[in-house]
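Participant: As input, take data.txt (compact mmCIF, C-alpha atoms):
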```txt
# COMPACT_ATOMS: atom_id res chain seq x y z
CA MET M 779 0.00 0.00 0.00
CA MET M 780 1.41 3.39 -1.01
CA ILE M 781 1.11 6.46 1.22
CA THR M 782 -0.38 9.43 -0.60
CA THR M 783 1.17 12.89 -0.55
CA GLN M 784 -1.45 14.09 1.91
CA GLN M 785 -0.87 11.09 4.19
CA SER M 786 2.90 11.58 4.23
CA THR M 787 2.89 15.27 5.15
CA ALA M 788 3.06 14.68 8.92
CA PRO M 789 6.01 12.23 8.81
CA ARG M 790 8.01 14.59 6.60
CA ARG M 791 7.49 17.45 9.05
CA GLN M 792 8.03 15.22 12.07
CA LEU M 793 11.36 13.48 11.45
CA ASN M 794 9.63 10.42 9.94
CA LEU M 795 7.33 10.07 12.94
CA ALA M 796 3.54 9.95 13.09
CA THR M 797 0.81 9.28 15.62
CA ARG M 798 -1.94 6.72 15.14
CA HIS M 799 -4.43 9.59 14.95
CA GLN M 800 -2.47 11.22 12.13
CA LEU M 801 -2.14 7.95 10.22
CA THR M 802 -5.79 6.95 10.49
CA THR M 803 -6.91 10.49 9.65
CA GLY M 804 -4.71 10.23 6.56
CA GLY M 805 -6.61 7.14 5.46
CA ILE M 806 -4.39 4.31 6.73
CA PRO M 807 -6.50 1.54 8.35
CA ASP M 808 -5.70 0.32 11.86
CA GLY M 809 -4.97 -3.13 10.45
CA THR M 810 -2.29 -1.75 8.15
CA ILE M 811 -0.63 0.07 11.04
CA THR M 812 -0.63 -3.11 13.09
CA SER M 813 0.81 -5.24 10.30
CA ARG M 814 3.53 -2.74 9.44
CA THR M 815 4.72 -2.55 13.05
CA ARG M 816 5.05 -6.31 13.56
CA PRO M 817 8.61 -7.63 14.14
CA GLY M 818 10.51 -7.31 10.88
CA GLY M 819 8.03 -4.80 9.48
CA PRO M 820 8.95 -1.44 7.93
CA TRP M 821 7.63 0.62 10.86
CA GLN M 822 8.38 0.71 14.58
CA ARG M 823 6.21 1.53 17.58
CA LEU M 824 8.32 3.84 19.76
CA LEU M 825 5.63 4.80 22.27
CA PRO M 826 1.92 4.08 22.65
CA ARG M 827 0.26 5.51 19.54
CA VAL M 828 3.57 6.89 18.18
CA TYR M 829 5.34 5.25 15.24
CA LEU M 830 8.67 5.60 13.47
CA LEU M 831 8.16 5.05 9.75
CA GLN M 832 11.58 3.56 9.04
CA THR M 833 13.51 0.38 9.74
CA GLY M 834 16.65 1.92 11.25
CA PRO M 835 16.98 2.86 14.93
CA PRO M 836 15.75 6.30 16.05
CA ASP M 837 18.24 9.02 16.89
CA HIS M 838 18.05 11.36 19.89
CA ARG M 839 16.00 13.96 18.00
CA GLN M 840 13.43 11.39 16.96
CA ARG M 841 13.11 10.02 20.48
CA ALA M 842 12.65 13.55 21.85
CA LEU M 843 9.99 14.42 19.27
CA ALA M 844 8.27 11.07 19.86
CA ALA M 845 7.81 12.10 23.49
CA VAL M 846 6.14 15.33 22.38
CA LEU M 847 3.91 13.46 19.91
CA TYR M 848 2.87 11.08 22.67
CA ALA M 849 1.97 13.93 25.01
CA ALA M 850 0.29 16.30 22.54
CA GLU M 851 -3.48 16.34 22.22
CA PRO M 852 -4.39 14.03 19.31
CA ALA M 853 -6.12 16.63 17.14
CA ALA M 854 -3.54 19.39 17.74
CA ASP M 855 -0.49 20.17 15.65
CA PRO M 856 2.26 18.67 17.86
CA LEU M 857 4.92 20.96 16.36
CA SER M 858 3.07 24.09 17.49
CA GLY M 859 4.04 23.62 21.14
CA ASP M 860 0.48 24.55 22.16
CA THR M 861 -0.44 21.33 24.00
CA ALA M 862 2.92 19.64 24.64
CA THR M 863 6.48 20.92 24.79
CA LEU M 864 9.80 19.39 25.77
CA THR M 865 11.53 20.64 28.91
CA GLY M 866 14.09 19.55 31.52
CA GLY M 867 17.12 17.44 30.69
CA ALA M 868 15.88 16.32 27.28
CA ALA M 869 15.44 19.92 26.13
CA LEU M 870 18.90 20.81 27.45
CA ALA M 871 20.43 17.79 25.72
CA LEU M 872 19.07 19.06 22.40
CA LEU M 873 20.96 22.30 23.04
CA GLY M 874 24.19 20.34 23.51
CA ILE M 875 24.43 20.67 27.29
CA ARG M 876 26.96 18.09 28.40
CA ASP M 877 25.64 15.33 30.69
CA ALA M 878 22.00 16.43 30.34
CA PRO M 879 19.91 13.24 30.05
CA TYR M 880 17.84 12.59 26.94
CA THR M 881 15.61 10.15 28.81
CA PRO M 882 13.25 10.08 30.51
CA ALA M 883 11.94 13.07 28.57
CA ASP M 884 10.01 15.64 30.61
CA VAL M 885 7.10 17.05 28.58
CA LEU M 886 4.81 19.83 29.75
CA ILE M 887 1.09 19.43 29.13
CA ARG M 888 -1.73 21.80 29.97
CA ALA M 889 -3.42 21.23 33.33
CA PRO M 890 -5.89 19.86 34.29
CA ARG M 891 -5.24 17.33 31.54
CA ARG M 892 -3.64 14.13 32.81
CA LEU M 893 -1.59 11.60 30.87
CA THR M 894 -0.08 8.30 31.91
CA GLY M 895 3.69 8.37 31.86
CA THR M 896 6.00 5.74 30.42
CA PRO M 897 9.62 4.80 31.23
CA GLU M 898 10.65 7.16 28.40
CA VAL M 899 8.22 10.06 28.98
CA ARG M 900 7.25 12.01 32.10
CA PRO M 901 4.22 14.25 31.44
CA LEU M 902 4.22 17.35 33.69
CA PRO M 903 0.88 19.19 33.90
CA THR M 904 1.16 22.96 34.30
CA SER M 905 -1.47 25.67 34.64
CA CYS M 906 0.93 28.42 33.48
CA TRP M 907 1.95 27.69 29.90
CA PRO M 908 5.46 28.95 29.15
CA ARG M 909 6.86 30.61 26.06
CA THR M 910 8.19 27.97 23.70
CA ILE M 911 10.87 27.80 21.03
CA THR M 912 11.78 25.26 18.37
CA VAL M 913 15.07 23.39 18.78
CA SER M 914 16.09 21.09 15.92
CA GLY M 915 12.46 20.95 14.82
CA ILE M 916 11.15 20.06 18.29
CA PRO M 917 8.97 22.37 20.43
CA SER M 918 10.79 23.11 23.68
CA THR M 919 10.68 25.49 26.59
CA ARG M 920 13.26 28.25 26.71
CA PRO M 921 16.63 27.12 28.13
CA VAL M 922 16.09 29.00 31.39
CA ARG M 923 12.80 27.15 32.02
CA ALA M 924 14.28 23.82 30.92
CA ALA M 925 17.16 24.31 33.37
CA ALA M 926 14.76 25.04 36.23
CA ASP M 927 12.61 22.03 35.40
CA PHE M 928 15.73 19.86 35.26
CA ALA M 929 16.90 21.12 38.66
CA SER M 930 13.47 20.51 40.20
CA ARG M 931 13.65 16.79 39.42
CA ALA M 932 17.39 16.15 39.82
CA GLU M 933 18.65 14.66 43.07
CA ASP M 934 22.44 14.70 42.68
CA SER M 935 23.83 18.05 43.83
CA ASP M 936 26.95 17.79 41.64
CA ARG M 937 24.79 17.11 38.58
CA ILE M 938 22.67 20.15 39.39
CA ARG M 939 25.73 22.37 39.78
CA SER M 940 27.38 21.07 36.64
CA THR M 941 24.30 21.25 34.40
CA LEU M 942 23.21 24.73 35.48
CA ALA M 943 26.78 25.96 35.06
CA HIS M 944 26.96 24.53 31.54
CA VAL M 945 23.68 26.23 30.57
CA VAL M 946 25.04 29.61 31.65
CA GLN M 947 28.55 28.99 30.29
CA ALA M 948 27.14 28.07 26.88
CA GLY M 949 25.33 31.40 26.79
CA TRP M 950 21.80 30.01 26.79
CA CYS M 951 20.74 32.23 29.68
CA HIS M 952 22.10 34.87 32.05
CA PRO M 953 22.71 33.80 35.66
CA HIS M 954 20.34 36.51 36.93
CA ASP M 955 17.56 35.25 34.65
CA LEU M 956 18.17 31.70 35.85
CA HIS M 957 18.08 32.88 39.45
CA ALA M 958 14.76 34.64 38.81
CA GLU M 959 13.31 31.48 37.22
CA LEU M 960 14.46 29.32 40.13
CA ARG M 961 12.96 31.79 42.59
CA ALA M 962 9.66 31.93 40.70
CA SER M 963 9.56 28.13 40.73
CA ARG M 964 10.20 28.15 44.51
CA LEU M 965 13.31 26.05 44.08
CA LEU M 966 15.73 28.25 46.04
CA THR M 967 14.48 26.63 49.25
CA ARG M 968 16.47 23.53 48.24
CA PRO M 969 20.06 23.90 49.50
CA ALA M 970 21.73 22.30 46.46
CA ILE M 971 19.87 24.55 44.02
CA ARG M 972 20.36 27.66 46.15
CA GLU M 973 24.11 26.98 46.34
CA ALA M 974 24.37 26.42 42.59
CA ALA M 975 22.51 29.69 41.94
CA ALA M 976 24.81 31.57 44.32
CA GLU M 977 27.88 30.21 42.55
CA LEU M 978 26.60 31.32 39.17
CA LEU M 979 25.87 34.83 40.42
CA ALA M 980 29.39 34.93 41.83
CA GLY M 981 30.77 34.10 38.39
CA VAL M 982 31.43 30.37 38.74
CA ARG M 983 30.87 28.60 35.43
CA SER M 984 31.83 24.92 35.91
CA ILE M 985 31.75 22.13 38.44
CA ALA M 986 35.55 22.35 38.77
CA GLU M 987 35.25 26.06 39.60
CA ALA M 988 32.49 25.24 42.07
CA GLN M 989 34.77 22.75 43.83
CA ALA M 990 37.56 25.32 43.86
CA ARG M 991 35.18 27.87 45.36
CA ASP M 992 34.24 25.39 48.09
CA THR M 993 37.91 24.80 48.80
CA LEU M 994 38.79 28.51 48.95
CA THR M 995 35.76 29.42 51.04
CA ALA M 996 36.99 27.11 53.80
CA THR M 997 40.29 29.06 54.08
CA ASP M 998 41.31 32.53 55.18
CA LEU M 999 42.46 33.49 51.69
CA PRO M 1000 40.92 36.64 50.16
CA THR M 1001 37.80 36.14 48.08
CA PRO M 1002 38.61 36.23 44.34
CA LEU M 1003 36.58 37.35 41.37
CA TRP M 1004 35.32 34.44 39.29
CA ASN M 1005 35.64 34.60 35.52
CA ALA M 1006 36.49 38.29 35.65
CA ARG M 1007 37.37 39.78 32.27
CA LEU M 1008 40.81 41.39 32.33
CA TYR M 1009 41.69 44.31 30.07
CA THR M 1010 44.90 46.18 29.42
CA PRO M 1011 44.88 49.90 30.32
CA ASP M 1012 44.08 50.79 26.70
CA GLY M 1013 40.93 48.61 26.79
CA THR M 1014 42.24 45.56 24.94
CA PHE M 1015 40.81 42.28 26.24
CA LEU M 1016 43.50 40.17 27.88
CA ALA M 1017 41.97 37.00 29.32
CA SER M 1018 39.30 35.70 31.68
CA PRO M 1019 40.96 33.53 34.34
CA ASP M 1020 38.82 31.19 36.43
CA ALA M 1021 39.65 33.08 39.65
CA TYR M 1022 41.44 36.39 40.03
CA TRP M 1023 42.68 38.40 43.00
CA PRO M 1024 42.84 41.97 41.63
CA ASP M 1025 44.64 43.52 44.60
CA GLU M 1026 47.44 40.98 44.46
CA GLY M 1027 47.46 40.34 40.71
CA VAL M 1028 47.19 36.56 41.09
CA ALA M 1029 45.13 34.25 38.88
CA LEU M 1030 44.00 30.64 39.24
CA GLU M 1031 43.55 28.71 35.99
CA ILE M 1032 41.78 25.35 36.15
CA ASP M 1033 42.94 23.50 33.05
CA SER M 1034 41.21 20.24 32.19
CA ALA M 1035 42.81 17.75 29.81
CA GLU M 1036 39.32 17.18 28.43
CA TYR M 1037 39.53 20.55 26.67
CA HIS M 1038 43.20 20.33 25.74
CA TYR M 1039 43.31 17.10 23.79
CA THR M 1040 44.58 18.86 20.67
CA ARG M 1041 47.89 20.59 20.16
CA ASP M 1042 46.16 23.85 19.16
CA ALA M 1043 44.04 23.88 22.33
CA TRP M 1044 47.07 23.27 24.51
CA HIS M 1045 49.04 26.02 22.76
CA ALA M 1046 46.11 28.41 23.23
CA THR M 1047 46.21 27.70 26.97
CA LEU M 1048 49.94 28.40 27.12
CA ARG M 1049 49.57 31.61 25.12
CA ARG M 1050 46.83 32.81 27.48
CA ARG M 1051 49.13 32.21 30.44
CA LEU M 1052 51.97 34.07 28.73
CA ARG M 1053 49.67 37.05 28.08
CA LEU M 1054 48.71 37.16 31.75
CA GLU M 1055 52.29 36.89 32.96
CA SER M 1056 53.50 39.51 30.48
CA HIS M 1057 51.20 41.98 32.22
CA GLY M 1058 52.50 41.23 35.67
CA ILE M 1059 49.89 38.66 36.69
CA LEU M 1060 51.13 35.56 38.51
CA VAL M 1061 49.33 32.37 37.55
CA VAL M 1062 48.68 29.14 39.45
CA SER M 1063 47.57 26.35 37.12
CA ALA M 1064 45.74 23.27 38.39
CA THR M 1065 43.60 20.49 36.99
CA PRO M 1066 40.14 19.61 38.36
CA SER M 1067 41.60 16.42 39.87
CA MET M 1068 44.21 18.50 41.74
CA ILE M 1069 41.46 20.69 43.16
CA ARG M 1070 39.53 17.59 44.18
CA ASP M 1071 42.30 15.24 45.37
CA THR M 1072 45.22 17.43 46.49
CA PRO M 1073 43.71 20.82 47.36
CA THR M 1074 46.38 21.57 49.98
CA GLU M 1075 49.04 21.76 47.27
CA VAL M 1076 46.98 24.21 45.23
CA LEU M 1077 46.21 26.31 48.30
CA ALA M 1078 49.88 26.37 49.29
CA ALA M 1079 50.86 27.69 45.86
CA LEU M 1080 48.14 30.36 45.97
CA ARG M 1081 49.04 31.37 49.51
CA THR M 1082 52.70 31.77 48.54
CA LEU M 1083 51.94 33.98 45.53
CA LEU M 1084 49.34 36.05 47.38
CA THR M 1085 51.88 36.65 50.13
CA LEU M 1086 54.78 37.38 47.79
CA THR M 1087 52.82 39.95 45.83
CA THR M 1088 51.87 42.05 48.82
CA PRO M 1089 55.03 44.24 48.69
CA ARG M 1090 55.21 44.41 44.90
CA PRO M 1091 55.94 48.03 43.97
CA THR M 1092 54.48 47.72 40.46
CA PRO M 1093 50.87 46.53 40.16
CA PRO M 1094 49.77 44.36 37.23
CA THR M 1095 49.01 46.30 34.07
CA ALA M 1096 45.48 44.92 33.76
CA VAL M 1097 42.04 46.02 34.87
CA ALA M 1098 39.50 43.47 36.14
CA ARG M 1099 35.81 43.75 35.45
CA GLY M 1100 34.32 41.12 37.72
CA HIS M 1101 30.92 39.91 38.83
CA GLN M 1102 28.91 41.50 41.60
CA GLN M 1103 28.16 38.91 44.24
CA LEU M 1104 24.52 39.31 45.20
CA PRO M 1105 22.98 37.88 48.39
CA LEU M 1106 20.50 35.08 47.86
CA PHE M 1107 17.55 34.51 50.14
CA PRO M 1108 15.18 31.51 50.08
CA ASN M 1109 11.80 32.14 48.50
CA PRO M 1110 9.52 32.89 51.47
CA GLY M 1111 6.62 31.13 49.74
```
Could you write out this structure as structure tokens?

Facilitator:
Amino acid sequence: MMITTQQSTAPRRQLNLATRHQLTTGGIPDGTITSRTRPGGPWQRLLPRVYLLQTGPPDHRQRALAAVLYAAEPAADPLSGDTATLTGGAALALLGIRDAPYTPADVLIRAPRRLTGTPEVRPLPTSCWPRTITVSGIPSTRPVRAAADFASRAEDSDRIRSTLAHVVQAGWCHPHDLHAELRASRLLTRPAIREAAAELLAGVRSIAEAQARDTLTATDLPTPLWNARLYTPDGTFLASPDAYWPDEGVALEIDSAEYHYTRDAWHATLRRRLRLESHGILVVSATPSMIRDTPTEVLAALRTLLTLTTPRPTPPTAVARGHQQLPLFPNPG
């Protein structure tokens, strides 16, 4: 049986996916759908009432859109984002956020509608429908909302810190906007989320920086600026070290081998250090594992440089523009 042009419109728009409602409305009998999705057939049933019209395995985009098709109201256009939209980890994964889980996919639906979840899909009813965007052809919440929804369901504090940091570091949202979303969602009452939000407002942008901040906070060392942008006196951008002590002209660079696996990347790191040192800034370099496993060695190096620089007659020839550290208070509601 051939599929007519009208019948094939939905699969073409939907990454070769279709719902049973779309197929039967297009004139395909239930019996044909059943026969085509038997083992060895040309179609696959990914979720209840959702089919992949190909023999090969689905990719991440198809699995994410399948979750939206499953949750959308049958007669609605599932790509409109009006009755179902991806959020949480699955939406962040589509944006390329490292370690964000594709499954189970959190999908918002309009309350008071209820829908049975599956191991792959978690329907989340909401009475306040958010603004939506389209990511890789899939209706999704904005990154700031997806990050908040992810944090609300995550249990591992390190995963929360890492994922929220990656969302901000990738430029998908500003830390103040994320803080506002977390507050509006009444999530700042949870210690792990409140701490992650505080770190982002302070300028921390990675889990390694968060661990370094924990380590430094427990000492009597001065509080640094995190990810401050350094400029030469004539306004030329110099570098943005992970932590910087402007009064002493000392920088901490957390260099991970994960980002330096090419010769060019490693040379770029060395050139950045040379630029800092050429302007009178003393640099302590450490890996995330050093911060985690041998923090006393890193602290000793920082303490030595911070002490040595106190009597320096010539200050570094760089100006720091850092991040204002704002106080965070739990949502009273």

Participant: Check which residues of segment 968-1019 of chain M sit at most 7 Å from segment 930-939 of chain M using all atoms listed in the file, and return one row each with the closest pair of atoms and their distance in Å to one decimal, ordered by chain and rising number, as a tab-separated table.

Facilitator:
```
residue	atom	partner	partner_atom	distance
M:Ala970	CA	M:Ser935	CA	5.4
M:Ile971	CA	M:Ile938	CA	7.0
M:Ala974	CA	M:Arg939	CA	5.1
M:Ile985	CA	M:Arg939	CA	6.2
```

Participant: Let me make sure I understand: among M:Ala1064, M:Ala889, M:Ala1096, M:Leu801, which one has the smallest atom-to-atom distance to Gly1013 of chain M if we use all atoms listed in the file?

Facilitator: M:Ala1096

Participant: Need the neighbours of (7.1, 10.2, 19.2): which residues are at most 12 Å away, counting all atoms listed in the file, as JSON, numbers by chain?

Facilitator: {"M": [788, 789, 792, 793, 794, 795, 796, 797, 798, 800, 822, 823, 824, 825, 826, 827, 828, 829, 830, 831, 836, 837, 838, 839, 840, 841, 842, 843, 844, 845, 846, 847, 848, 849, 850, 856, 857, 862, 864, 883, 885, 898, 899, 916]}

Participant: Please put the answer as JSON: centre and edge lengths, in Å with one decimal, of a box along x, y and z that encloses all listed atoms of segment 1015-1028 of chain M plus 8 Å on each side.

Facilitator:
```
{"center_x": 43.1, "center_y": 37.4, "center_z": 35.4, "size_x": 24.6, "size_y": 28.3, "size_z": 34.4}
```

Participant: Between atom CA of Ile875 of chain M and atom CA of Pro897 of chain M, what is the distance, to one decimal in Å?

Facilitator: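 Value for the atom CA of Ile875 of chain M-atom CA of Pro897 of chain M distance: 22.1 Å.
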